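**Q** Pasting in a structure now, in structure tokens, and then I'll have a few things to ask.
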Amino acid sequence: MTLFGRNIPIAFSLFVWFGLWEIVGRSGFSSFIPPFSKVIETAFVIAQTGKFAAAAAISLRSFAAGMALAIVVGLPLGFLMARVAFARRLLGMWVNIFVSAPISALVPLLMAVVGIGETTVVVTVFLFAVFVIVLDTQVGVQHADRSLVEMARSFGARRSQIYTKVLILSALPEILAGLRLGAIRGVKGVVIGQLLVAIIGVGELFELYSKHFLMEEFWALVMIVFLFAFAISESLAALERKVEYYAGSR
Amino acid sequence: MQNDTAVEVRNISKIYSGNVEALREVSLAFPRGKLCTLLGPSGCGKTTLLKIIAGLIPANSGEVWVNGRQVDGPGPERAFVFQDFALLPWATVLRNVAFGLELRGMPPEQRNEIARKHIAEVGLAAFEASYPNQLSGGMRQRVGLARALAVNADIILMDEPFSAIDEQTRRKFQEELLDLLKHHRKTVIFVTHSIEEAAYLSDQITLLSPRPGRVAKTIAPGIDHSRGPDEIRRDKHYLDTVDEIWQMLKQYVD
Ligand SMILES: Nc1ncnc2c1ncn2[C@@H]1O[C@H](COP(=O)(O)OP(=O)(O)OP(=O)(O)O)[C@@H](O)[C@H]1O
Ligand SMILES: [Mg+2]
């Protein structure tokens, strides 16, 4: 971002928005919007409570399990669809539909199938994350340089070596992008899953704060969740940039 | 098959899906230790034939014999040099050159030592740690050549290796290739579009007809490379060979 010809760090734009928020909050414009400083203060208070620690633990566990499942299923499926025309024809349409479908609408349905509890949340995270991982992996592997595969074969590469030494590395930038988008959706999945179905973890806190009109706490929690998603996505993005650098002129 | 034949193809036919007949009944022998060129109009099946010899694509019928054995896939006695270099963009020059050995499961110190030797041989010793996108086209093709030399295959298949390289580098490269071949006894099967390149480098030139590719003619230019390159390029015998090939190819262009 540039302002008056100078380079302004991205953090500066956050400051402006947070400043605006502070002003609106102090003006008493709406009881839904407490001042930003209050929210941050509250965030530190909340973060130290046992209730939050317990909620965070449950939520993290569901997130990690759902993401792990999405990766374990998503990567091989993406490879399969990229390499086998039949799999692509069979699944391609569905993956493309679900990648843009409002998964939230399915969550109540899940409740009927999986029941109410942590499992539902895990499945929600999985559904939110898996399709974009499949799609990006497929695109990455399909766009992998054909001549690199041919080269590896000419030097006697076994089938498994073509995957481990060429295809995975060649598709790594797209795979990482898929994981990053998947993780962001996964965070959404945790919150939505816990809000809509199983009233546990962070979702339970959200429910509690909004029901009792605790807006400072509510926004503080939003900020914490936002920060978590941001941290994950940024660290994956950093990894992506490193890989892009090595992948050079692909 | 005689002992001095490195590669022989017998009655090779290839029809791609969509009924594209690329090759029809091609039979050819490539003598050991010689540089043999495949020449012909665009689309006549030169790359197809080379890839069939490499074992990268199957023929519809016919046989490929390498060192007296029939083959139906890639093998360690053959190495390919690609027109588009086909270097791993995420790997250094050293790792790229050692890649064939890595695939064979050779331990790192051993394969890096061999790779270093061949990197030096193609004049890239200072660039071991560079990545392909930091190199010029000519340097990238040297990496491709070093990679093929590193696996110590005695048959090297080259698909228009110098086509993406400027004329000066190309001539320098041709000299280096001849020089290399003097020291290593390799059989080279070389695809090119350049009549001059073929006449200058080859011990044997095979002209293929337009699609479906068949053997139209085989010529042995017999250029004496002990003389300097400039002298050869003024030599009557060399010029006659170039003209002979041109007369053949001319009919296809019209
Ligand atoms: N995978 C493929 N599927 C279908 N047709 C193909 C395929 N590869 C090549 N062909 C066709 O086969 C014919 C021979 O192709 P090939 O690449 O072997 O020609 P070439 O002599 O190497 O041409 P060039 O000199 O332009 O490189 C061409 O007509 C081409 O269109
Ligand atoms: Mg070709």
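Identifiers in this document derive from the order of the structure tokens: chains are assigned A, B, ..., residues are numbered from 1 separately in each chain, and ligands are numbered from 1 in order of occurrence.
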Write down as an MDAnalysis selection string the residues belonging to stretch 3-50 of chain B that are assigned strand (DSSP E) by DSSP computed on the backbone.

**A** chainID B and resid 5:16 20:31 35:39

**Q** Could you produce a table of the residues of chain B lying within 12 Å of ligand 2, with the nearest pair of atoms per residue and their separation in Å rounded to one decimal, using only C-alpha atoms and all ligand atoms, ordered by chain and increasing residue number, as CSV?

**A**
residue,atom,partner,partner_atom_place_in_ligand_line,distance
B:Ala22,CA,ligand 2,1 (Mg),11.4
B:Leu38,CA,ligand 2,1 (Mg),10.2
B:Leu39,CA,ligand 2,1 (Mg),10.1
B:Gly40,CA,ligand 2,1 (Mg),9.8
B:Pro41,CA,ligand 2,1 (Mg),9.7
B:Ser42,CA,ligand 2,1 (Mg),7.2
B:Gly43,CA,ligand 2,1 (Mg),6.9
B:Cys44,CA,ligand 2,1 (Mg),8.4
B:Gly45,CA,ligand 2,1 (Mg),7.0
B:Lys46,CA,ligand 2,1 (Mg),5.6
B:Thr47,CA,ligand 2,1 (Mg),4.1
B:Thr48,CA,ligand 2,1 (Mg),7.2
B:Leu49,CA,ligand 2,1 (Mg),9.3
B:Leu50,CA,ligand 2,1 (Mg),8.9
B:Lys51,CA,ligand 2,1 (Mg),9.8
B:Phe82,CA,ligand 2,1 (Mg),10.2
B:Gln83,CA,ligand 2,1 (Mg),8.4
B:Asp84,CA,ligand 2,1 (Mg),10.9
B:Met158,CA,ligand 2,1 (Mg),10.4
B:Asp159,CA,ligand 2,1 (Mg),6.8
B:Glu160,CA,ligand 2,1 (Mg),7.3
B:Pro161,CA,ligand 2,1 (Mg),10.5
B:Ser163,CA,ligand 2,1 (Mg),10.5
B:Phe190,CA,ligand 2,1 (Mg),11.0
B:Val191,CA,ligand 2,1 (Mg),7.6
B:Thr192,CA,ligand 2,1 (Mg),8.3
B:His193,CA,ligand 2,1 (Mg),8.9

**Q** Could you save the residues just selected, with N, CA, C and O atoms, as a short mmCIF file (atom, residue, chain, number, x, y, z; two decimals), in the first residue's frame?

**A**
data_model
loop_
_atom_site.label_atom_id
_atom_site.label_comp_id
_atom_site.auth_asym_id
_atom_site.auth_seq_id
_atom_site.Cartn_x
_atom_site.Cartn_y
_atom_site.Cartn_z
N ALA B 22 1.90 -42.05 -37.30
CA ALA B 22 3.15 -41.30 -37.20
C ALA B 22 4.30 -42.02 -37.89
O ALA B 22 5.12 -41.41 -38.57
N LEU B 38 18.61 -38.25 -37.02
CA LEU B 38 17.30 -38.42 -37.66
C LEU B 38 16.88 -37.05 -38.16
O LEU B 38 16.83 -36.09 -37.41
N LEU B 39 16.58 -36.98 -39.46
CA LEU B 39 16.27 -35.71 -40.08
C LEU B 39 14.98 -35.89 -40.88
O LEU B 39 14.75 -36.96 -41.43
N GLY B 40 14.18 -34.86 -40.95
CA GLY B 40 12.95 -34.98 -41.74
C GLY B 40 12.03 -33.82 -41.48
O GLY B 40 12.22 -33.08 -40.51
N PRO B 41 11.03 -33.65 -42.33
CA PRO B 41 10.12 -32.52 -42.17
C PRO B 41 9.38 -32.58 -40.83
O PRO B 41 9.24 -33.65 -40.24
N SER B 42 8.91 -31.44 -40.39
CA SER B 42 8.23 -31.35 -39.11
C SER B 42 7.02 -32.29 -39.08
O SER B 42 6.27 -32.36 -40.05
N GLY B 43 6.86 -33.02 -38.00
CA GLY B 43 5.70 -33.90 -37.86
C GLY B 43 5.88 -35.26 -38.50
O GLY B 43 4.92 -36.03 -38.58
N CYS B 44 7.10 -35.59 -38.94
CA CYS B 44 7.28 -36.87 -39.64
C CYS B 44 7.52 -38.01 -38.66
O CYS B 44 7.60 -39.16 -39.06
N GLY B 45 7.62 -37.71 -37.38
CA GLY B 45 7.71 -38.79 -36.40
C GLY B 45 9.10 -39.00 -35.80
O GLY B 45 9.38 -40.05 -35.23
N LYS B 46 9.96 -38.00 -35.89
CA LYS B 46 11.33 -38.14 -35.35
C LYS B 46 11.30 -38.30 -33.83
O LYS B 46 11.90 -39.22 -33.28
N THR B 47 10.56 -37.40 -33.17
CA THR B 47 10.46 -37.48 -31.71
C THR B 47 9.81 -38.80 -31.31
O THR B 47 10.23 -39.46 -30.36
N THR B 48 8.77 -39.18 -32.08
CA THR B 48 8.07 -40.43 -31.79
C THR B 48 9.04 -41.61 -31.84
O THR B 48 9.07 -42.44 -30.91
N LEU B 49 9.85 -41.66 -32.89
CA LEU B 49 10.80 -42.77 -33.02
C LEU B 49 11.80 -42.77 -31.87
O LEU B 49 12.10 -43.81 -31.28
N LEU B 50 12.29 -41.59 -31.53
CA LEU B 50 13.28 -41.48 -30.45
C LEU B 50 12.69 -41.94 -29.12
O LEU B 50 13.32 -42.64 -28.34
N LYS B 51 11.42 -41.55 -28.87
CA LYS B 51 10.79 -41.94 -27.61
C LYS B 51 10.46 -43.42 -27.58
O LYS B 51 10.43 -44.03 -26.51
N PHE B 82 16.60 -33.84 -23.28
CA PHE B 82 15.32 -33.32 -23.74
C PHE B 82 15.45 -31.96 -24.40
O PHE B 82 16.26 -31.13 -23.99
N GLN B 83 14.59 -31.76 -25.38
CA GLN B 83 14.59 -30.47 -26.09
C GLN B 83 14.29 -29.32 -25.13
O GLN B 83 14.91 -28.27 -25.20
N ASP B 84 13.33 -29.54 -24.21
CA ASP B 84 12.97 -28.46 -23.27
C ASP B 84 13.74 -28.61 -21.95
O ASP B 84 13.30 -28.10 -20.93
N MET B 158 19.14 -37.80 -28.11
CA MET B 158 18.99 -36.35 -27.98
C MET B 158 17.93 -35.83 -28.94
O MET B 158 18.02 -36.01 -30.14
N ASP B 159 16.90 -35.17 -28.38
CA ASP B 159 15.83 -34.64 -29.22
C ASP B 159 16.03 -33.14 -29.41
O ASP B 159 15.76 -32.36 -28.50
N GLU B 160 16.50 -32.76 -30.55
CA GLU B 160 16.77 -31.35 -30.87
C GLU B 160 17.37 -30.60 -29.69
O GLU B 160 16.83 -29.59 -29.24
N PRO B 161 18.49 -31.08 -29.18
CA PRO B 161 19.01 -30.52 -27.94
C PRO B 161 19.44 -29.06 -28.08
O PRO B 161 19.47 -28.33 -27.10
N SER B 163 18.07 -26.74 -30.21
CA SER B 163 17.14 -25.90 -30.97
C SER B 163 16.74 -24.65 -30.19
O SER B 163 16.37 -23.65 -30.77
N PHE B 190 20.46 -38.64 -32.57
CA PHE B 190 20.33 -37.20 -32.48
C PHE B 190 19.24 -36.74 -33.44
O PHE B 190 19.28 -37.04 -34.62
N VAL B 191 18.24 -36.05 -32.92
CA VAL B 191 17.20 -35.50 -33.80
C VAL B 191 17.49 -34.03 -34.02
O VAL B 191 17.79 -33.29 -33.07
N THR B 192 17.45 -33.58 -35.26
CA THR B 192 17.67 -32.17 -35.52
C THR B 192 16.85 -31.72 -36.71
O THR B 192 16.38 -32.52 -37.51
N HIS B 193 16.65 -30.39 -36.79
CA HIS B 193 16.01 -29.81 -37.96
C HIS B 193 17.03 -29.22 -38.91
O HIS B 193 16.72 -28.83 -40.01
#

**Q** Residues of chain A no more than 12 Å from chain B, counting only C-alpha atoms: send them over as a ChimeraX atom specification.

**A** /A:144-162,164-173,242-250

**Q** Just the alpha helix (DSSP H) stuff from stretch 191-236 of chain A, please, per backbone DSSP, written as a ChimeraX atom specification.

**A** /A:191-196,201-211,215-236

**Q** Do a neighbour search on B:Leu177 at 12 Å with only C-alpha atoms, toss out local chain neighbours closer than 3 positions, and write the hits as a ChimeraX atom specification.

**A** /B:35,121-122,141-142,145-146,149,156,158,161-162,169-174,180-188,190,197,200-202

**Q** What would the file look like if the residues just selected were written as a tab-separated table (two decimals), in the first residue's frame with N, CA, C and O atoms?

**A**
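Saved as out.tsv:
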chain	number	residue	atom	x	y	z
B	35	LEU	N	27.68	-41.25	-34.14
B	35	LEU	CA	26.63	-40.27	-33.96
B	35	LEU	C	25.68	-40.34	-35.15
B	35	LEU	O	26.11	-40.11	-36.29
B	121	GLU	N	32.93	-31.24	-16.36
B	121	GLU	CA	33.18	-31.62	-17.76
B	121	GLU	C	32.41	-30.74	-18.75
B	121	GLU	O	32.90	-30.43	-19.82
B	122	VAL	N	31.18	-30.35	-18.37
B	122	VAL	CA	30.42	-29.49	-19.27
B	122	VAL	C	30.63	-28.01	-18.93
B	122	VAL	O	29.92	-27.14	-19.44
B	141	GLN	N	20.95	-26.65	-20.95
B	141	GLN	CA	21.12	-27.85	-21.76
B	141	GLN	C	22.40	-28.60	-21.38
B	141	GLN	O	22.46	-29.81	-21.47
B	142	ARG	N	23.42	-27.85	-20.92
B	142	ARG	CA	24.62	-28.52	-20.43
B	142	ARG	C	24.29	-29.38	-19.21
B	142	ARG	O	24.83	-30.46	-19.04
B	145	LEU	N	22.75	-32.45	-20.42
B	145	LEU	CA	23.76	-33.35	-20.98
B	145	LEU	C	24.56	-34.04	-19.87
B	145	LEU	O	24.78	-35.25	-19.91
B	146	ALA	N	24.94	-33.24	-18.86
B	146	ALA	CA	25.70	-33.80	-17.74
B	146	ALA	C	24.88	-34.88	-17.02
B	146	ALA	O	25.42	-35.90	-16.61
B	149	LEU	N	25.12	-37.96	-19.01
B	149	LEU	CA	26.45	-38.58	-18.91
B	149	LEU	C	26.64	-39.25	-17.55
B	149	LEU	O	27.30	-40.28	-17.44
B	156	ILE	N	23.09	-42.40	-25.95
B	156	ILE	CA	22.48	-41.13	-25.58
B	156	ILE	C	21.52	-40.69	-26.67
B	156	ILE	O	21.88	-40.64	-27.85
B	158	MET	N	19.14	-37.80	-28.11
B	158	MET	CA	18.99	-36.35	-27.98
B	158	MET	C	17.93	-35.83	-28.94
B	158	MET	O	18.02	-36.01	-30.14
B	161	PRO	N	18.49	-31.08	-29.18
B	161	PRO	CA	19.01	-30.52	-27.94
B	161	PRO	C	19.44	-29.06	-28.08
B	161	PRO	O	19.47	-28.33	-27.10
B	162	PHE	N	19.77	-28.64	-29.30
B	162	PHE	CA	20.31	-27.29	-29.45
B	162	PHE	C	19.32	-26.33	-30.08
B	162	PHE	O	19.67	-25.22	-30.46
B	169	THR	N	26.34	-20.25	-29.47
B	169	THR	CA	26.41	-21.26	-28.42
B	169	THR	C	26.27	-22.65	-29.03
B	169	THR	O	26.93	-23.60	-28.63
B	170	ARG	N	25.40	-22.71	-30.02
B	170	ARG	CA	25.12	-23.97	-30.68
B	170	ARG	C	26.40	-24.54	-31.30
B	170	ARG	O	26.70	-25.72	-31.14
B	171	ARG	N	27.16	-23.69	-32.01
B	171	ARG	CA	28.38	-24.18	-32.65
B	171	ARG	C	29.41	-24.60	-31.61
B	171	ARG	O	30.09	-25.61	-31.77
B	172	LYS	N	29.49	-23.83	-30.54
B	172	LYS	CA	30.42	-24.16	-29.48
B	172	LYS	C	30.03	-25.52	-28.89
B	172	LYS	O	30.87	-26.39	-28.64
B	173	PHE	N	28.72	-25.67	-28.72
B	173	PHE	CA	28.16	-26.88	-28.15
B	173	PHE	C	28.46	-28.10	-29.02
B	173	PHE	O	28.82	-29.17	-28.53
B	174	GLN	N	28.33	-27.91	-30.33
B	174	GLN	CA	28.60	-29.00	-31.26
B	174	GLN	C	30.04	-29.49	-31.12
B	174	GLN	O	30.30	-30.69	-31.07
B	180	LEU	N	33.53	-34.52	-26.47
B	180	LEU	CA	33.10	-35.47	-25.44
B	180	LEU	C	33.05	-36.88	-25.99
B	180	LEU	O	33.47	-37.84	-25.35
B	181	LEU	N	32.53	-36.99	-27.23
B	181	LEU	CA	32.34	-38.32	-27.80
B	181	LEU	C	33.68	-38.96	-28.11
B	181	LEU	O	33.80	-40.19	-28.14
B	182	LYS	N	34.69	-38.13	-28.35
B	182	LYS	CA	36.02	-38.68	-28.60
B	182	LYS	C	36.55	-39.38	-27.35
B	182	LYS	O	37.22	-40.40	-27.43
B	183	HIS	N	36.20	-38.81	-26.18
B	183	HIS	CA	36.72	-39.36	-24.94
B	183	HIS	C	35.88	-40.50	-24.37
B	183	HIS	O	36.40	-41.46	-23.85
B	184	HIS	N	34.56	-40.33	-24.44
B	184	HIS	CA	33.70	-41.44	-24.02
B	184	HIS	C	33.25	-42.13	-25.30
B	184	HIS	O	32.85	-41.46	-26.23
B	185	ARG	N	33.25	-43.43	-25.29
B	185	ARG	CA	32.75	-44.10	-26.47
B	185	ARG	C	31.25	-44.27	-26.32
B	185	ARG	O	30.76	-45.19	-25.69
B	186	LYS	N	30.50	-43.31	-26.88
B	186	LYS	CA	29.05	-43.34	-26.74
B	186	LYS	C	28.42	-43.48	-28.12
B	186	LYS	O	28.97	-43.01	-29.12
B	187	THR	N	27.25	-44.08	-28.14
B	187	THR	CA	26.43	-44.06	-29.34
B	187	THR	C	25.41	-42.96	-29.15
B	187	THR	O	24.73	-42.92	-28.13
B	188	VAL	N	25.31	-42.05	-30.11
B	188	VAL	CA	24.37	-40.95	-29.97
B	188	VAL	C	23.34	-41.01	-31.09
B	188	VAL	O	23.70	-41.17	-32.26
B	190	PHE	N	20.46	-38.64	-32.57
B	190	PHE	CA	20.33	-37.20	-32.48
B	190	PHE	C	19.24	-36.74	-33.44
B	190	PHE	O	19.28	-37.04	-34.62
B	197	GLU	N	23.78	-28.93	-39.27
B	197	GLU	CA	24.16	-29.60	-38.03
B	197	GLU	C	24.31	-31.10	-38.27
B	197	GLU	O	25.27	-31.72	-37.82
B	200	TYR	N	27.35	-31.86	-40.40
B	200	TYR	CA	28.59	-31.56	-39.70
B	200	TYR	C	28.91	-32.60	-38.62
B	200	TYR	O	30.05	-33.02	-38.48
B	201	LEU	N	27.88	-33.02	-37.89
B	201	LEU	CA	28.12	-33.87	-36.72
B	201	LEU	C	28.12	-35.37	-37.02
B	201	LEU	O	28.83	-36.13	-36.37
B	202	SER	N	27.30	-35.77	-38.01
B	202	SER	CA	26.92	-37.19	-38.04
B	202	SER	C	27.90	-38.12	-38.74
B	202	SER	O	28.58	-37.74	-39.68

**Q** Could you name the residues that touch A:Pro35 at 10 Å or less, counting only C-alpha atoms, but leaving out those on the same chain fewer than 3 positions away, as a list in words?

**A** Phe18, Gly19, Leu20, Trp21, Glu22, Ile23, Val24, Gly25, Arg26, Ser27, Gly28, Ser31, Phe32, Lys38, Val39, Ile40 and Glu216 of chain A

**Q** Limited to N, CA, C and O atoms, could you put the picked residues into a file as a PDB file, in the first residue's frame?

**A**
ATOM      1  N   PHE A  18      -8.977   0.052  13.303  1.00  0.00           N
ATOM      2  CA  PHE A  18      -9.181  -0.107  14.738  1.00  0.00           C
ATOM      3  C   PHE A  18      -9.447   1.252  15.397  1.00  0.00           C
ATOM      4  O   PHE A  18     -10.246   1.353  16.333  1.00  0.00           O
ATOM      5  N   GLY A  19      -8.782   2.294  14.896  1.00  0.00           N
ATOM      6  CA  GLY A  19      -9.003   3.649  15.402  1.00  0.00           C
ATOM      7  C   GLY A  19     -10.457   4.074  15.187  1.00  0.00           C
ATOM      8  O   GLY A  19     -11.129   4.593  16.086  1.00  0.00           O
ATOM      9  N   LEU A  20     -10.932   3.795  13.982  1.00  0.00           N
ATOM     10  CA  LEU A  20     -12.312   4.124  13.630  1.00  0.00           C
ATOM     11  C   LEU A  20     -13.287   3.391  14.559  1.00  0.00           C
ATOM     12  O   LEU A  20     -14.249   3.967  15.075  1.00  0.00           O
ATOM     13  N   TRP A  21     -12.987   2.124  14.760  1.00  0.00           N
ATOM     14  CA  TRP A  21     -13.800   1.285  15.638  1.00  0.00           C
ATOM     15  C   TRP A  21     -13.849   1.895  17.041  1.00  0.00           C
ATOM     16  O   TRP A  21     -14.921   2.013  17.652  1.00  0.00           O
ATOM     17  N   GLU A  22     -12.670   2.312  17.541  1.00  0.00           N
ATOM     18  CA  GLU A  22     -12.576   2.908  18.868  1.00  0.00           C
ATOM     19  C   GLU A  22     -13.492   4.133  18.970  1.00  0.00           C
ATOM     20  O   GLU A  22     -14.258   4.290  19.929  1.00  0.00           O
ATOM     21  N   ILE A  23     -13.430   4.993  17.935  1.00  0.00           N
ATOM     22  CA  ILE A  23     -14.221   6.225  17.942  1.00  0.00           C
ATOM     23  C   ILE A  23     -15.716   5.916  17.942  1.00  0.00           C
ATOM     24  O   ILE A  23     -16.490   6.446  18.758  1.00  0.00           O
ATOM     25  N   VAL A  24     -16.098   4.993  17.027  1.00  0.00           N
ATOM     26  CA  VAL A  24     -17.512   4.618  16.958  1.00  0.00           C
ATOM     27  C   VAL A  24     -17.967   4.015  18.280  1.00  0.00           C
ATOM     28  O   VAL A  24     -19.047   4.327  18.797  1.00  0.00           O
ATOM     29  N   GLY A  25     -17.111   3.170  18.849  1.00  0.00           N
ATOM     30  CA  GLY A  25     -17.442   2.512  20.116  1.00  0.00           C
ATOM     31  C   GLY A  25     -17.639   3.523  21.236  1.00  0.00           C
ATOM     32  O   GLY A  25     -18.609   3.455  21.990  1.00  0.00           O
ATOM     33  N   ARG A  26     -16.713   4.493  21.331  1.00  0.00           N
ATOM     34  CA  ARG A  26     -16.793   5.489  22.403  1.00  0.00           C
ATOM     35  C   ARG A  26     -17.993   6.432  22.245  1.00  0.00           C
ATOM     36  O   ARG A  26     -18.505   6.959  23.214  1.00  0.00           O
ATOM     37  N   SER A  27     -18.381   6.650  20.994  1.00  0.00           N
ATOM     38  CA  SER A  27     -19.484   7.586  20.751  1.00  0.00           C
ATOM     39  C   SER A  27     -20.810   7.027  21.243  1.00  0.00           C
ATOM     40  O   SER A  27     -21.816   7.724  21.258  1.00  0.00           O
ATOM     41  N   GLY A  28     -20.794   5.745  21.613  1.00  0.00           N
ATOM     42  CA  GLY A  28     -22.024   5.131  22.078  1.00  0.00           C
ATOM     43  C   GLY A  28     -23.041   4.971  20.968  1.00  0.00           C
ATOM     44  O   GLY A  28     -24.243   4.983  21.186  1.00  0.00           O
ATOM     45  N   SER A  31     -24.971  -0.238  21.129  1.00  0.00           N
ATOM     46  CA  SER A  31     -24.506  -1.083  22.224  1.00  0.00           C
ATOM     47  C   SER A  31     -23.906  -2.391  21.691  1.00  0.00           C
ATOM     48  O   SER A  31     -23.302  -3.146  22.433  1.00  0.00           O
ATOM     49  N   PHE A  32     -24.090  -2.645  20.389  1.00  0.00           N
ATOM     50  CA  PHE A  32     -23.471  -3.820  19.788  1.00  0.00           C
ATOM     51  C   PHE A  32     -21.970  -3.611  19.578  1.00  0.00           C
ATOM     52  O   PHE A  32     -21.241  -4.547  19.364  1.00  0.00           O
ATOM     53  N   LYS A  38     -11.552  -1.685  24.788  1.00  0.00           N
ATOM     54  CA  LYS A  38     -12.272  -2.532  25.756  1.00  0.00           C
ATOM     55  C   LYS A  38     -12.241  -3.988  25.308  1.00  0.00           C
ATOM     56  O   LYS A  38     -12.040  -4.915  26.103  1.00  0.00           O
ATOM     57  N   VAL A  39     -12.472  -4.185  23.992  1.00  0.00           N
ATOM     58  CA  VAL A  39     -12.508  -5.534  23.433  1.00  0.00           C
ATOM     59  C   VAL A  39     -11.174  -6.238  23.656  1.00  0.00           C
ATOM     60  O   VAL A  39     -11.116  -7.395  24.096  1.00  0.00           O
ATOM     61  N   ILE A  40     -10.088  -5.511  23.375  1.00  0.00           N
ATOM     62  CA  ILE A  40      -8.760  -6.112  23.524  1.00  0.00           C
ATOM     63  C   ILE A  40      -8.486  -6.439  24.987  1.00  0.00           C
ATOM     64  O   ILE A  40      -8.009  -7.520  25.326  1.00  0.00           O
ATOM     65  N   GLU A 216     -18.632  -7.059  24.687  1.00  0.00           N
ATOM     66  CA  GLU A 216     -17.181  -6.967  24.787  1.00  0.00           C
ATOM     67  C   GLU A 216     -16.553  -8.352  24.695  1.00  0.00           C
ATOM     68  O   GLU A 216     -15.605  -8.586  23.963  1.00  0.00           O
TER      69      GLU A 216
END

**Q** Need the shell around stretch 118-120 of chain A: protein/DNA/RNA residues with any atom at most 9 Å away, counting only C-alpha atoms. Skip same-chain ones fewer than 5 positions apart. Format as a list in words?

**A**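 Surrounding residues, per the criterion: Ile58, Ser59, Ser62, Val107, Leu110, Met111, Val113, Val125, Gly193, Gln194, Val197, Ala198 and Ile200 of chain A.
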
**Q** If you count only C-alpha atoms, which residues fall within 9 Å of B:Leu28, apart from same-chain ones fewer than 3 positions away, as a ChimeraX atom specification?

**A** /B:7-11,206,215

**Q** Neighbouring residues of stretch 174-190 of chain A were defined as those with any atom within 8 Å, considering only C-alpha atoms; residues of the same chain fewer than 6 positions away were excluded. Please report them as a PyMOL selection string.

**A** chain A and resi 59+62-63+66-67+71+121-122+124-137+139-140+203+225+229+232-233+236-237+239-240

**Q** Restricting it to C-alpha atoms, dump the selection as a PDB file, in the first residue's frame.

**A**
ATOM      1  CA  SER A  59     -12.263 -26.534  19.573  1.00  0.00           C
ATOM      2  CA  SER A  62     -12.015 -30.808  16.661  1.00  0.00           C
ATOM      3  CA  PHE A  63     -10.166 -28.533  14.277  1.00  0.00           C
ATOM      4  CA  GLY A  66     -11.134 -32.500  11.043  1.00  0.00           C
ATOM      5  CA  MET A  67      -8.154 -31.001   9.235  1.00  0.00           C
ATOM      6  CA  ILE A  71      -5.697 -33.836   4.429  1.00  0.00           C
ATOM      7  CA  VAL A 121     -17.941 -30.699  14.613  1.00  0.00           C
ATOM      8  CA  VAL A 122     -15.077 -32.809  13.306  1.00  0.00           C
ATOM      9  CA  THR A 124     -18.141 -30.199   9.733  1.00  0.00           C
ATOM     10  CA  VAL A 125     -14.501 -29.098   9.717  1.00  0.00           C
ATOM     11  CA  PHE A 126     -13.719 -31.962   7.363  1.00  0.00           C
ATOM     12  CA  LEU A 127     -16.494 -30.993   4.938  1.00  0.00           C
ATOM     13  CA  PHE A 128     -15.521 -27.335   5.012  1.00  0.00           C
ATOM     14  CA  ALA A 129     -11.870 -28.065   4.289  1.00  0.00           C
ATOM     15  CA  VAL A 130     -11.676 -31.167   2.143  1.00  0.00           C
ATOM     16  CA  PHE A 131     -13.050 -30.019  -1.201  1.00  0.00           C
ATOM     17  CA  VAL A 132     -10.721 -27.113  -1.739  1.00  0.00           C
ATOM     18  CA  ILE A 133      -7.790 -29.367  -0.800  1.00  0.00           C
ATOM     19  CA  VAL A 134      -8.894 -31.978  -3.358  1.00  0.00           C
ATOM     20  CA  LEU A 135      -9.388 -29.383  -6.065  1.00  0.00           C
ATOM     21  CA  ASP A 136      -6.100 -27.554  -5.564  1.00  0.00           C
ATOM     22  CA  THR A 137      -4.135 -30.801  -5.354  1.00  0.00           C
ATOM     23  CA  VAL A 139      -4.954 -28.762 -10.370  1.00  0.00           C
ATOM     24  CA  GLY A 140      -1.375 -28.816  -9.093  1.00  0.00           C
ATOM     25  CA  GLY A 203     -19.329 -22.096  19.935  1.00  0.00           C
ATOM     26  CA  VAL A 225     -10.629 -16.745  16.524  1.00  0.00           C
ATOM     27  CA  ALA A 229      -7.083 -18.263  11.524  1.00  0.00           C
ATOM     28  CA  ILE A 232      -2.351 -20.381  10.476  1.00  0.00           C
ATOM     29  CA  SER A 233      -2.964 -18.906   7.063  1.00  0.00           C
ATOM     30  CA  LEU A 236       1.234 -21.515   5.399  1.00  0.00           C
ATOM     31  CA  ALA A 237       1.514 -18.507   3.105  1.00  0.00           C
ATOM     32  CA  LEU A 239       5.838 -21.620   3.392  1.00  0.00           C
ATOM     33  CA  GLU A 240       4.185 -21.110  -0.008  1.00  0.00           C
TER      34      GLU A 240
END

**Q** Can you measure atom CA of B:Pro31 to atom CA of B:Asp4 for me? One decimal in Å is fine.

**A**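 We find that atom CA of B:Pro31 and atom CA of B:Asp4 lie 5.8 Å from each other.
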